[in-house]
file final.cif (mmCIF, C-alpha atoms)
data_final
#
loop_
_atom_site.label_atom_id
_atom_site.label_comp_id
_atom_site.auth_asym_id
_atom_site.auth_seq_id
_atom_site.Cartn_x
_atom_site.Cartn_y
_atom_site.Cartn_z
CA MET A 1 -11.76 -35.11 2.64
CA THR A 2 -13.41 -37.95 0.78
CA GLU A 3 -15.06 -38.22 -2.57
CA GLU A 4 -18.46 -38.42 -0.84
CA THR A 5 -17.99 -35.02 0.78
CA THR A 6 -17.97 -33.25 -2.57
CA THR A 7 -21.20 -34.44 -4.15
CA LEU A 8 -24.73 -33.20 -4.34
CA THR A 9 -27.55 -35.47 -5.43
CA GLY A 10 -26.96 -36.75 -8.93
CA GLN A 11 -23.67 -34.97 -9.58
CA ALA A 12 -20.25 -36.58 -9.25
CA PRO A 13 -17.31 -34.43 -8.20
CA PRO A 14 -14.80 -33.40 -10.86
CA PRO A 15 -11.62 -35.49 -11.00
CA VAL A 16 -8.53 -34.32 -9.14
CA ARG A 17 -5.97 -32.97 -11.62
CA ASP A 18 -2.26 -32.84 -10.85
CA TRP A 19 -0.83 -29.38 -11.50
CA PRO A 20 2.97 -29.66 -11.63
CA ALA A 21 5.29 -26.70 -11.20
CA LEU A 22 5.84 -25.72 -14.83
CA ASP A 23 8.49 -23.39 -16.22
CA VAL A 24 6.41 -21.73 -18.93
CA ASP A 25 8.37 -19.84 -21.57
CA GLY A 26 7.95 -16.13 -22.11
CA THR A 27 4.49 -14.69 -21.63
CA ASP A 28 2.74 -17.90 -22.68
CA PHE A 29 -0.31 -18.87 -20.64
CA ASP A 30 0.02 -21.94 -18.42
CA PRO A 31 -1.38 -24.87 -20.48
CA VAL A 32 -2.56 -26.75 -17.38
CA LEU A 33 -4.57 -23.74 -16.22
CA ALA A 34 -6.01 -23.36 -19.72
CA ASP A 35 -7.18 -26.99 -19.60
CA LEU A 36 -8.70 -26.51 -16.15
CA MET A 37 -10.61 -23.46 -17.37
CA ARG A 38 -12.09 -25.53 -20.19
CA GLU A 39 -13.09 -28.37 -17.83
CA GLY A 40 -15.44 -26.25 -15.80
CA PRO A 41 -15.97 -23.27 -13.56
CA LEU A 42 -15.03 -25.35 -10.51
CA THR A 43 -12.38 -28.07 -10.70
CA ARG A 44 -10.11 -29.88 -8.25
CA ILE A 45 -6.32 -29.74 -8.20
CA ARG A 46 -3.34 -31.33 -6.52
CA LEU A 47 -0.20 -29.15 -6.34
CA PRO A 48 3.41 -30.36 -5.90
CA HIS A 49 3.63 -29.82 -2.12
CA GLY A 50 1.43 -30.09 0.96
CA GLU A 51 -1.33 -32.65 1.32
CA GLY A 52 -4.64 -33.59 -0.30
CA TRP A 53 -6.47 -31.67 -3.01
CA ALA A 54 -8.20 -28.30 -3.31
CA TRP A 55 -11.02 -26.71 -5.25
CA LEU A 56 -10.09 -24.23 -7.97
CA ALA A 57 -12.37 -21.43 -9.21
CA THR A 58 -11.46 -19.91 -12.58
CA ARG A 59 -14.47 -17.83 -13.68
CA TYR A 60 -14.39 -14.06 -13.16
CA ASP A 61 -17.70 -13.85 -11.28
CA ASP A 62 -16.87 -16.84 -9.05
CA VAL A 63 -13.42 -15.47 -8.21
CA LYS A 64 -14.93 -12.13 -7.20
CA ALA A 65 -17.66 -13.81 -5.17
CA ILE A 66 -15.34 -16.16 -3.27
CA THR A 67 -12.78 -13.47 -2.46
CA ASN A 68 -15.54 -11.29 -1.01
CA ASP A 69 -17.28 -14.10 0.89
CA PRO A 70 -16.50 -14.35 4.64
CA ARG A 71 -17.41 -18.05 4.47
CA PHE A 72 -13.96 -18.58 2.93
CA GLY A 73 -11.11 -17.68 5.32
CA ARG A 74 -7.33 -17.54 5.25
CA ALA A 75 -6.37 -17.90 8.93
CA GLU A 76 -6.97 -21.65 9.09
CA VAL A 77 -4.48 -22.20 6.24
CA THR A 78 -1.65 -21.52 8.69
CA THR A 79 -2.54 -24.64 10.70
CA ARG A 80 -2.96 -27.02 7.74
CA GLN A 81 -0.74 -28.79 5.22
CA VAL A 82 -2.91 -27.67 2.30
CA THR A 83 -1.81 -28.71 -1.17
CA ARG A 84 0.38 -25.84 -2.39
CA MET A 85 3.06 -24.68 -4.83
CA ALA A 86 5.66 -23.58 -2.28
CA PRO A 87 7.98 -26.27 -0.90
CA HIS A 88 8.39 -24.39 2.38
CA PHE A 89 5.52 -22.81 4.27
CA LYS A 90 6.29 -20.68 7.32
CA PRO A 91 3.62 -17.99 7.72
CA ARG A 92 4.51 -15.30 10.24
CA PRO A 93 2.07 -13.84 12.77
CA GLY A 94 0.84 -10.46 11.58
CA SER A 95 0.91 -11.29 7.89
CA LEU A 96 -2.06 -9.64 6.19
CA ALA A 97 -2.18 -12.50 3.70
CA PHE A 98 -3.46 -14.92 6.35
CA ALA A 99 -5.65 -12.60 8.43
CA ASP A 100 -9.44 -12.79 8.48
CA GLN A 101 -11.80 -10.10 9.77
CA PRO A 102 -11.76 -8.36 12.17
CA ASP A 103 -7.99 -8.93 12.51
CA HIS A 104 -7.38 -8.02 8.88
CA ASN A 105 -8.71 -4.47 9.28
CA ARG A 106 -6.94 -4.08 12.63
CA LEU A 107 -3.59 -5.06 11.07
CA ARG A 108 -4.06 -3.09 7.86
CA LYS A 109 -5.13 0.15 9.57
CA PRO A 110 -1.68 1.26 10.87
CA VAL A 111 -0.05 1.13 7.41
CA ALA A 112 -3.00 2.16 5.22
CA GLY A 113 -2.03 5.83 5.25
CA ALA A 114 1.31 5.10 3.60
CA PHE A 115 -0.35 3.67 0.49
CA THR A 116 -3.20 6.10 -0.26
CA VAL A 117 -3.61 7.92 -3.56
CA GLY A 118 -2.58 11.15 -1.81
CA ALA A 119 0.57 9.57 -0.39
CA MET A 120 1.50 8.28 -3.84
CA LYS A 121 1.03 11.74 -5.38
CA ARG A 122 3.48 13.10 -2.83
CA LEU A 123 5.89 10.26 -3.55
CA ARG A 124 5.78 10.61 -7.34
CA PRO A 125 8.39 13.40 -7.76
CA ARG A 126 10.89 11.59 -5.53
CA ALA A 127 10.27 8.31 -7.34
CA GLN A 128 10.80 10.03 -10.69
CA ARG A 129 14.14 11.43 -9.50
CA ILE A 130 15.28 7.97 -8.38
CA LEU A 131 14.32 6.55 -11.77
CA ASP A 132 15.94 9.40 -13.70
CA THR A 133 19.23 8.79 -11.90
CA LEU A 134 19.19 5.12 -12.87
CA VAL A 135 18.31 5.83 -16.51
CA ASP A 136 20.91 8.64 -16.65
CA ARG A 137 23.60 6.07 -15.85
CA VAL A 138 22.28 3.71 -18.52
CA VAL A 139 22.32 6.50 -21.12
CA GLN A 140 25.81 7.61 -20.04
CA ASP A 141 27.24 4.10 -20.27
CA GLY A 142 25.59 3.49 -23.62
CA PRO A 143 24.17 0.31 -25.14
CA PRO A 144 23.78 -2.54 -24.64
CA ALA A 145 22.26 -2.77 -21.16
CA ASP A 146 20.31 -5.33 -19.17
CA LEU A 147 17.24 -3.34 -18.18
CA VAL A 148 16.32 -5.80 -15.41
CA GLU A 149 19.67 -5.40 -13.69
CA ARG A 150 20.09 -1.67 -14.34
CA VAL A 151 16.55 -0.31 -13.92
CA LEU A 152 13.70 -2.76 -13.32
CA GLU A 153 15.17 -4.32 -10.18
CA PRO A 154 16.84 -1.38 -8.39
CA PHE A 155 14.01 1.12 -8.95
CA PRO A 156 11.22 -0.72 -7.04
CA LEU A 157 13.66 -1.63 -4.28
CA ALA A 158 14.63 2.01 -3.83
CA VAL A 159 11.05 3.29 -3.96
CA VAL A 160 9.82 0.70 -1.48
CA SER A 161 12.64 1.75 0.86
CA GLU A 162 11.40 5.34 0.58
CA VAL A 163 7.88 4.32 1.54
CA MET A 164 9.03 1.99 4.30
CA GLY A 165 11.48 4.49 5.78
CA VAL A 166 14.74 2.56 5.38
CA PRO A 167 17.66 4.86 6.33
CA ALA A 168 20.11 5.57 3.52
CA ALA A 169 22.93 3.90 5.48
CA ASP A 170 20.98 0.63 5.71
CA ARG A 171 19.60 0.41 2.17
CA ALA A 172 22.45 -1.52 0.62
CA GLN A 173 22.14 -4.24 3.27
CA VAL A 174 18.33 -4.33 3.11
CA HIS A 175 18.45 -4.53 -0.69
CA ALA A 176 21.00 -7.36 -0.48
CA TRP A 177 18.73 -9.34 1.83
CA THR A 178 15.75 -8.68 -0.41
CA ARG A 179 17.57 -9.85 -3.55
CA ARG A 180 18.61 -13.07 -1.81
CA ILE A 181 15.06 -13.69 -0.62
CA ILE A 182 13.53 -13.32 -4.08
CA SER A 183 16.34 -15.11 -5.92
CA THR A 184 16.32 -18.77 -6.88
CA THR A 185 19.75 -19.53 -5.37
CA GLY A 186 18.38 -21.90 -2.75
CA ALA A 187 16.11 -22.22 0.27
CA GLU A 188 18.94 -22.11 2.82
CA ASP A 189 20.37 -18.85 1.47
CA ALA A 190 16.90 -17.30 1.31
CA GLU A 191 16.17 -18.36 4.90
CA GLN A 192 19.41 -16.77 6.13
CA ALA A 193 18.48 -13.55 4.32
CA LYS A 194 14.98 -13.62 5.85
CA ASN A 195 16.46 -14.00 9.33
CA GLY A 196 18.72 -11.03 8.71
CA LEU A 197 15.95 -8.86 7.27
CA TYR A 198 13.36 -9.70 9.93
CA GLY A 199 15.91 -9.11 12.68
CA TRP A 200 16.65 -5.67 11.23
CA ILE A 201 12.90 -4.94 10.92
CA THR A 202 12.38 -5.83 14.59
CA GLU A 203 15.11 -3.42 15.70
CA THR A 204 13.77 -0.67 13.42
CA VAL A 205 10.18 -0.99 14.65
CA ARG A 206 11.40 -0.83 18.27
CA ALA A 207 13.50 2.25 17.56
CA ARG A 208 10.50 4.15 16.14
CA ALA A 209 8.10 3.66 19.03
CA HIS A 210 7.84 7.43 19.56
CA SER A 211 8.20 8.49 15.92
CA THR A 212 5.69 10.86 14.31
CA GLY A 213 6.88 10.08 10.78
CA ASP A 214 4.60 8.88 7.98
CA ASP A 215 6.87 6.09 6.73
CA VAL A 216 5.72 2.51 7.32
CA TYR A 217 8.24 1.65 10.03
CA SER A 218 7.32 4.79 11.98
CA LEU A 219 3.62 4.01 11.61
CA LEU A 220 4.19 0.47 12.83
CA GLY A 221 6.46 1.53 15.69
CA SER A 222 3.92 4.00 17.01
CA ALA A 223 1.06 1.48 16.57
CA VAL A 224 2.98 -1.04 18.68
CA HIS A 225 3.63 1.66 21.30
CA ARG A 226 -0.12 2.40 21.43
CA GLU A 227 -0.73 -1.37 21.78
CA GLU A 228 -2.91 -1.46 18.65
CA ILE A 229 -0.81 -4.33 17.28
CA SER A 230 1.93 -6.47 18.78
CA GLU A 231 5.59 -6.20 17.84
CA THR A 232 5.43 -9.67 16.29
CA GLU A 233 2.46 -8.58 14.16
CA ALA A 234 4.26 -5.40 13.11
CA VAL A 235 7.27 -7.38 11.91
CA GLY A 236 5.02 -9.86 10.09
CA LEU A 237 3.25 -6.96 8.41
CA ALA A 238 6.42 -5.19 7.34
CA GLY A 239 8.31 -8.11 5.81
CA PRO A 240 6.09 -8.75 2.76
CA LEU A 241 5.77 -4.99 2.15
CA GLN A 242 9.57 -4.58 2.16
CA ILE A 243 9.98 -7.46 -0.27
CA GLY A 244 7.05 -6.35 -2.42
CA GLY A 245 9.03 -4.74 -5.25
CA GLU A 246 9.60 -8.14 -6.85
CA ALA A 247 6.21 -8.18 -8.57
CA VAL A 248 6.77 -4.73 -10.12
CA THR A 249 10.18 -5.76 -11.46
CA HIS A 250 8.93 -8.85 -13.22
CA ASN A 251 5.54 -7.50 -14.33
CA CYS A 252 7.30 -4.59 -16.01
CA GLY A 253 9.84 -7.00 -17.49
CA GLN A 254 7.01 -8.91 -19.15
CA MET A 255 5.34 -5.70 -20.31
CA LEU A 256 8.51 -4.34 -21.89
CA TYR A 257 9.18 -7.71 -23.53
CA LEU A 258 5.70 -7.59 -25.08
CA LEU A 259 6.22 -4.02 -26.27
CA LEU A 260 9.62 -4.90 -27.73
CA THR A 261 8.24 -7.91 -29.62
CA ARG A 262 4.94 -6.40 -30.79
CA PRO A 263 5.70 -3.34 -32.93
CA GLU A 264 2.07 -2.22 -33.08
CA LEU A 265 1.94 -1.95 -29.29
CA MET A 266 5.23 -0.08 -29.11
CA GLU A 267 4.08 2.32 -31.83
CA ARG A 268 0.87 3.02 -29.97
CA MET A 269 2.70 3.72 -26.70
CA ARG A 270 5.06 6.14 -28.44
CA ASP A 271 2.54 7.87 -30.71
CA ARG A 272 -0.32 8.20 -28.22
CA PRO A 273 1.28 8.79 -24.82
CA GLU A 274 -1.97 10.19 -23.43
CA GLU A 275 -3.49 6.70 -23.82
CA ARG A 276 -0.70 4.76 -22.15
CA GLY A 277 -2.86 4.06 -19.11
CA ALA A 278 -5.28 1.95 -21.15
CA VAL A 279 -2.42 -0.07 -22.64
CA LEU A 280 -0.89 -0.68 -19.22
CA ASP A 281 -4.24 -1.82 -17.82
CA GLU A 282 -4.67 -4.24 -20.70
CA LEU A 283 -1.13 -5.55 -20.18
CA LEU A 284 -1.82 -5.99 -16.46
CA ARG A 285 -4.84 -8.09 -17.42
CA PHE A 286 -2.91 -10.11 -19.98
CA VAL A 287 0.47 -10.70 -18.34
CA PRO A 288 0.72 -14.10 -16.58
CA HIS A 289 2.46 -12.59 -13.60
CA ARG A 290 2.71 -15.70 -11.46
CA SER A 291 3.12 -19.45 -11.68
CA SER A 292 0.05 -21.56 -10.84
CA VAL A 293 -1.97 -20.11 -7.92
CA GLY A 294 -1.25 -18.09 -4.80
CA LEU A 295 -2.66 -18.73 -1.33
CA ALA A 296 -5.61 -20.95 -0.51
CA ARG A 297 -8.72 -20.18 1.49
CA ILE A 298 -10.59 -22.63 3.71
CA ALA A 299 -14.37 -23.04 3.57
CA LEU A 300 -15.64 -22.20 7.06
CA GLU A 301 -19.04 -23.77 6.37
CA ASP A 302 -20.72 -25.79 3.62
CA VAL A 303 -21.10 -23.75 0.42
CA GLU A 304 -22.88 -24.78 -2.77
CA LEU A 305 -21.43 -23.53 -6.05
CA HIS A 306 -22.44 -24.65 -9.54
CA GLY A 307 -24.31 -27.62 -8.09
CA LEU A 308 -21.27 -28.86 -6.20
CA LEU A 309 -20.91 -28.89 -2.44
CA ILE A 310 -17.78 -27.37 -0.98
CA ARG A 311 -17.65 -28.80 2.53
CA ALA A 312 -16.53 -26.89 5.60
CA GLY A 313 -12.79 -27.45 5.87
CA ASP A 314 -12.18 -27.85 2.12
CA PRO A 315 -9.33 -25.70 0.75
CA VAL A 316 -10.27 -23.42 -2.15
CA TYR A 317 -8.03 -21.60 -4.61
CA VAL A 318 -9.03 -18.83 -6.98
CA SER A 319 -7.07 -17.96 -10.12
CA TYR A 320 -6.89 -14.27 -10.93
CA LEU A 321 -4.99 -15.17 -14.10
CA ALA A 322 -7.89 -17.31 -15.27
CA ALA A 323 -10.46 -14.70 -14.25
CA ASN A 324 -8.60 -12.14 -16.38
CA ARG A 325 -8.99 -14.47 -19.39
CA ASP A 326 -12.68 -15.31 -18.83
CA PRO A 327 -14.29 -15.14 -22.31
CA GLU A 328 -17.65 -14.26 -20.73
CA VAL A 329 -16.12 -11.00 -19.49
CA PHE A 330 -13.26 -10.29 -21.92
CA THR A 331 -14.01 -10.86 -25.60
CA ASP A 332 -11.17 -12.72 -27.32
CA PRO A 333 -9.28 -12.75 -23.99
CA ASP A 334 -5.99 -14.11 -25.35
CA ARG A 335 -5.54 -11.03 -27.54
CA ILE A 336 -4.01 -7.78 -26.25
CA ASP A 337 -6.62 -5.13 -27.04
CA PRO A 338 -6.24 -1.74 -25.30
CA ASP A 339 -9.52 -0.62 -26.88
CA ARG A 340 -11.67 -3.37 -25.38
CA ALA A 341 -14.71 -2.35 -23.37
CA ALA A 342 -13.66 -1.50 -19.84
CA SER A 343 -13.99 -4.39 -17.39
CA PRO A 344 -11.91 -4.18 -14.24
CA HIS A 345 -9.03 -6.66 -14.33
CA LEU A 346 -8.13 -8.58 -11.18
CA ALA A 347 -4.34 -8.32 -11.46
CA PHE A 348 -4.15 -6.80 -7.97
CA GLY A 349 -6.63 -9.23 -6.44
CA ASN A 350 -10.08 -8.56 -5.04
CA GLY A 351 -11.92 -8.20 -1.76
CA PRO A 352 -10.31 -7.66 1.65
CA HIS A 353 -7.03 -9.13 0.39
CA TYR A 354 -6.77 -6.68 -2.51
CA CYS A 355 -3.09 -5.77 -2.79
CA THR A 356 -2.11 -3.23 -0.12
CA GLY A 357 0.49 -1.73 -2.42
CA ALA A 358 -1.64 -1.65 -5.59
CA VAL A 359 -1.54 2.15 -5.95
CA LEU A 360 2.23 2.10 -5.38
CA ALA A 361 2.69 -0.71 -7.89
CA ARG A 362 0.64 1.15 -10.50
CA LEU A 363 2.65 4.34 -9.92
CA GLN A 364 5.95 2.50 -10.36
CA THR A 365 4.69 0.70 -13.47
CA GLU A 366 3.60 3.96 -15.13
CA LEU A 367 6.90 5.64 -14.32
CA LEU A 368 9.08 2.69 -15.34
CA VAL A 369 7.50 1.97 -18.70
CA GLY A 370 6.92 5.61 -19.62
CA THR A 371 10.40 6.81 -18.66
CA VAL A 372 12.22 3.95 -20.38
CA LEU A 373 10.28 4.55 -23.62
CA ASP A 374 10.75 8.33 -23.49
CA ARG A 375 14.45 8.30 -22.59
CA LEU A 376 15.45 5.47 -24.95
CA PRO A 377 13.50 6.27 -28.14
CA GLY A 378 15.26 3.64 -30.27
CA LEU A 379 14.87 0.88 -27.70
CA ARG A 380 14.97 -2.67 -29.06
CA LEU A 381 16.09 -6.09 -27.91
CA ALA A 382 19.80 -6.77 -28.21
CA VAL A 383 19.12 -10.47 -28.73
CA ALA A 384 16.51 -12.46 -30.61
CA PRO A 385 13.23 -12.73 -28.65
CA GLU A 386 13.69 -16.47 -28.18
CA GLU A 387 17.12 -15.84 -26.61
CA VAL A 388 15.72 -13.83 -23.69
CA VAL A 389 16.31 -15.87 -20.52
CA TRP A 390 13.27 -16.32 -18.26
CA ARG A 391 13.10 -17.00 -14.54
CA ARG A 392 12.85 -20.66 -13.55
CA ARG A 393 11.54 -22.39 -10.44
CA THR A 394 9.91 -19.23 -9.21
CA MET A 395 6.47 -18.06 -8.09
CA ILE A 396 6.73 -14.73 -9.92
CA ARG A 397 7.26 -14.98 -13.67
CA GLY A 398 9.36 -12.60 -15.72
CA PRO A 399 12.57 -12.25 -17.72
CA GLN A 400 15.75 -13.04 -15.82
CA SER A 401 17.43 -10.41 -17.95
CA LEU A 402 16.31 -8.07 -20.72
CA PRO A 403 19.31 -7.19 -22.91
CA CYS A 404 18.47 -4.06 -24.91
CA THR A 405 20.11 -1.61 -27.23
CA TRP A 406 18.99 1.71 -28.71
#

call {"tool": "encode", "arguments": {"input": "final.cif", "output": "structure tokens"}}
result
Amino acid sequence: MTEETTTLTGQAPPPVRDWPALDVDGTDFDPVLADLMREGPLTRIRLPHGEGWAWLATRYDDVKAITNDPRFGRAEVTTRQVTRMAPHFKPRPGSLAFADQPDHNRLRKPVAGAFTVGAMKRLRPRAQRILDTLVDRVVQDGPPADLVERVLEPFPLAVVSEVMGVPAADRAQVHAWTRRIISTTGAEDAEQAKNGLYGWITETVRARAHSTGDDVYSLLGSAVHREEISETEAVGLAGPLQIGGEAVTHNCGQMLYLLLTRPELMERMRDRPEERGAVLDELLRFVPHRSSVGLARIALEDVELHGLLIRAGDPVYVSYLAANRDPEVFTDPDRIDPDRAASPHLAFGNGPHYCTGAVLARLQTELLVGTVLDRLPGLRLAVAPEEVVWRRRTMIRGPQSLPCTW
């Protein structure tokens, strides 16, 4: 890519801005992203790893348009050293994140039934029992307690294992691998855990070739047996789904931190439980759930946007965090306002790559926040807000621990 490739007549390309990997405190918005939003609807960025630069779209309408536009694809990212946040980049065949149509629909079809609204309604009572058991132990042991360690981390792991179909005898090992993968202890340890988890997934998918169950591993095993997808694709599909509880843990950690440090929000959640859904949606819009940006797309042909020419082959990022703070869509976007006029947030993404587990994530979020508030009516932080320790050097933001008393 050269400077000349990015211009239309009379308009120079925006400068390339370095976007370092920042450890932003608490629920503060990334200051680099805030600057980029002010610079224009379409800017250019250079991230800490990979090569070259990439376009960045930050406006709500542009983000929705790009994520729905087949002229921007994901598959080619797997063959390129695109500028990126992650130091290591090893996409696996079968991953939905890097699939374009028609492969995306082909890969998503076998597991779609496990994540429908109906499936989540059937799961809800079991999920509530899992959560009640965890909170029972917290209540029995008494304050103080680290809610991340005791509730926010184990609950999504257990629920995901229910949906995936992890046998009870294997859950401790699968959970141990998952924790190591999402931890910040080091790349080598995480890679060893990935090898262990993906080896176990391969054996499990093979063992369920003739299963008629409705759990994910049974659905994948039977799909492989019917030759709808390959075994390698099935394993690549299952891995991110098995690890997917991380986002729920840390999103809910941020939400509870906000409730515990903003008395008016906590009062509203307690006094008007019938309106909790609106508060949670507003928190999903507001919470900066990730660092920087996620996965790039590649322009498959020349595309003009805001008078600038995105050339075929140019990498393009969208920021859902920025789109959720677009002042043209959300009035006073940096304020938490559960009563704002309804505009759909993009916390779960948009387009074909909309989060597969969005309905599951929303279910877990509702149960986690609601149950913790109902069962611990005097809940408050056990330390000063500024003493809460936050995750560092991580893609998913959230409190490392949330020490509470009641």

call {"tool": "resolve_selection", "arguments": {"input": "final.cif", "expression": "the PyMOL selection byres ((chain A and resi 318) around 6)", "output": "compact mmCIF listing (two decimals) with C-alpha atoms, in the coordinates of the input"}}
result
# COMPACT_ATOMS: atom_id res chain seq x y z
CA LEU A 56 -10.09 -24.23 -7.97
CA ALA A 57 -12.37 -21.43 -9.21
CA VAL A 63 -13.42 -15.47 -8.21
CA TYR A 317 -8.03 -21.60 -4.61
CA SER A 319 -7.07 -17.96 -10.12

call {"tool": "resolve_selection", "arguments": {"input": "final.cif", "expression": "the PyMOL selection byres ((chain A and resi 43-51) around 8)", "output": "PDB file with C-alpha atoms, keeping the file's coordinate frame"}}
result
ATOM      1  CA  PRO A  14     -14.800 -33.400 -10.860  1.00  0.00           C
ATOM      2  CA  PRO A  15     -11.620 -35.490 -11.000  1.00  0.00           C
ATOM      3  CA  VAL A  16      -8.530 -34.320  -9.140  1.00  0.00           C
ATOM      4  CA  ARG A  17      -5.970 -32.970 -11.620  1.00  0.00           C
ATOM      5  CA  ASP A  18      -2.260 -32.840 -10.850  1.00  0.00           C
ATOM      6  CA  TRP A  19      -0.830 -29.380 -11.500  1.00  0.00           C
ATOM      7  CA  PRO A  20       2.970 -29.660 -11.630  1.00  0.00           C
ATOM      8  CA  ALA A  21       5.290 -26.700 -11.200  1.00  0.00           C
ATOM      9  CA  LEU A  36      -8.700 -26.510 -16.150  1.00  0.00           C
ATOM     10  CA  GLU A  39     -13.090 -28.370 -17.830  1.00  0.00           C
ATOM     11  CA  GLY A  40     -15.440 -26.250 -15.800  1.00  0.00           C
ATOM     12  CA  PRO A  41     -15.970 -23.270 -13.560  1.00  0.00           C
ATOM     13  CA  LEU A  42     -15.030 -25.350 -10.510  1.00  0.00           C
ATOM     14  CA  GLY A  52      -4.640 -33.590  -0.300  1.00  0.00           C
ATOM     15  CA  TRP A  53      -6.470 -31.670  -3.010  1.00  0.00           C
ATOM     16  CA  ALA A  54      -8.200 -28.300  -3.310  1.00  0.00           C
ATOM     17  CA  TRP A  55     -11.020 -26.710  -5.250  1.00  0.00           C
ATOM     18  CA  LEU A  56     -10.090 -24.230  -7.970  1.00  0.00           C
ATOM     19  CA  ALA A  57     -12.370 -21.430  -9.210  1.00  0.00           C
ATOM     20  CA  GLN A  81      -0.740 -28.790   5.220  1.00  0.00           C
ATOM     21  CA  VAL A  82      -2.910 -27.670   2.300  1.00  0.00           C
ATOM     22  CA  THR A  83      -1.810 -28.710  -1.170  1.00  0.00           C
ATOM     23  CA  ARG A  84       0.380 -25.840  -2.390  1.00  0.00           C
ATOM     24  CA  MET A  85       3.060 -24.680  -4.830  1.00  0.00           C
ATOM     25  CA  ALA A  86       5.660 -23.580  -2.280  1.00  0.00           C
ATOM     26  CA  PRO A  87       7.980 -26.270  -0.900  1.00  0.00           C
TER      27      PRO A  87
END

call {"tool": "resolve_selection", "arguments": {"input": "final.cif", "expression": "the PyMOL selection byres ((chain A and resi 219-226) around 8)", "output": "list of chain:residue names"}}
result
A:Pro110, A:Val111, A:Thr204, A:Val205, A:Arg206, A:Ala207, A:Arg208, A:Ala209, A:His210, A:Ser211, A:Thr212, A:Gly213, A:Asp214, A:Asp215, A:Val216, A:Tyr217, A:Ser218, A:Glu227, A:Glu228, A:Ile229, A:Ser230, A:Glu231, A:Ala234

call {"tool": "residues_around", "arguments": {"input": "final.cif", "residues": "segment 193-203 of chain A", "least_positions_apart": "4", "cutoff": "8 Å", "atoms": "only C-alpha atoms", "output": "list in words"}}
result
Val174, Trp177, Thr178, Arg180, Ile181, Asp189, Ala207, Glu231, Val235, Ala238 and Gly239 of chain A

call {"tool": "atom_distance", "arguments": {"input": "final.cif", "atom1": "atom CA of Ala145 of chain A", "atom2": "atom CA of Glu282 of chain A"}}
result
27.0 Å

call {"tool": "atom_distance", "arguments": {"input": "final.cif", "atom1": "atom CA of His250 of chain A", "atom2": "atom CA of Asp100 of chain A"}}
result
28.7 Å

call {"tool": "closest_residue", "arguments": {"input": "final.cif", "among": "A:Leu237, A:Pro288, A:Arg150, A:Glu264", "to": "Asp337 of chain A", "atoms": "all atoms listed in the file"}}
result
A:Glu264

call {"tool": "closest_residue", "arguments": {"input": "final.cif", "among": "A:Val248, A:Leu260, A:Ile298, A:Val388", "to": "Ala75 of chain A", "atoms": "all atoms listed in the file"}}
result
A:Ile298

call {"tool": "atom_distance", "arguments": {"input": "final.cif", "atom1": "atom CA of Arg392 of chain A", "atom2": "atom CA of Arg290 of chain A"}}
result
11.5 Å

call {"tool": "closest_residue", "arguments": {"input": "final.cif", "among": "A:Leu309, A:Cys404, A:Glu162, A:Gln11", "to": "Leu147 of chain A", "atoms": "only C-alpha atoms"}}
result
A:Cys404

call {"tool": "closest_residue", "arguments": {"input": "final.cif", "among": "A:Ala341, A:Leu379, A:Leu321, A:Val159", "to": "Ala278 of chain A", "atoms": "all atoms listed in the file"}}
result
A:Ala341

call {"tool": "closest_residue", "arguments": {"input": "final.cif", "among": "A:Leu381, A:Ala114, A:Leu96, A:Ala127", "to": "Pro263 of chain A", "atoms": "only C-alpha atoms"}}
result
A:Leu381

call {"tool": "closest_residue", "arguments": {"input": "final.cif", "among": "A:Ile66, A:Arg297, A:Asp61, A:His88", "to": "Glu188 of chain A", "atoms": "only C-alpha atoms"}}
result
A:His88

call {"tool": "residues_around", "arguments": {"input": "final.cif", "residues": "Leu134 of chain A", "least_positions_apart": "2", "cutoff": "9 Å", "atoms": "all atoms listed in the file", "output": "MDAnalysis selection string"}}
result
chainID A and resid 129:132 136:139 150:151 154:155
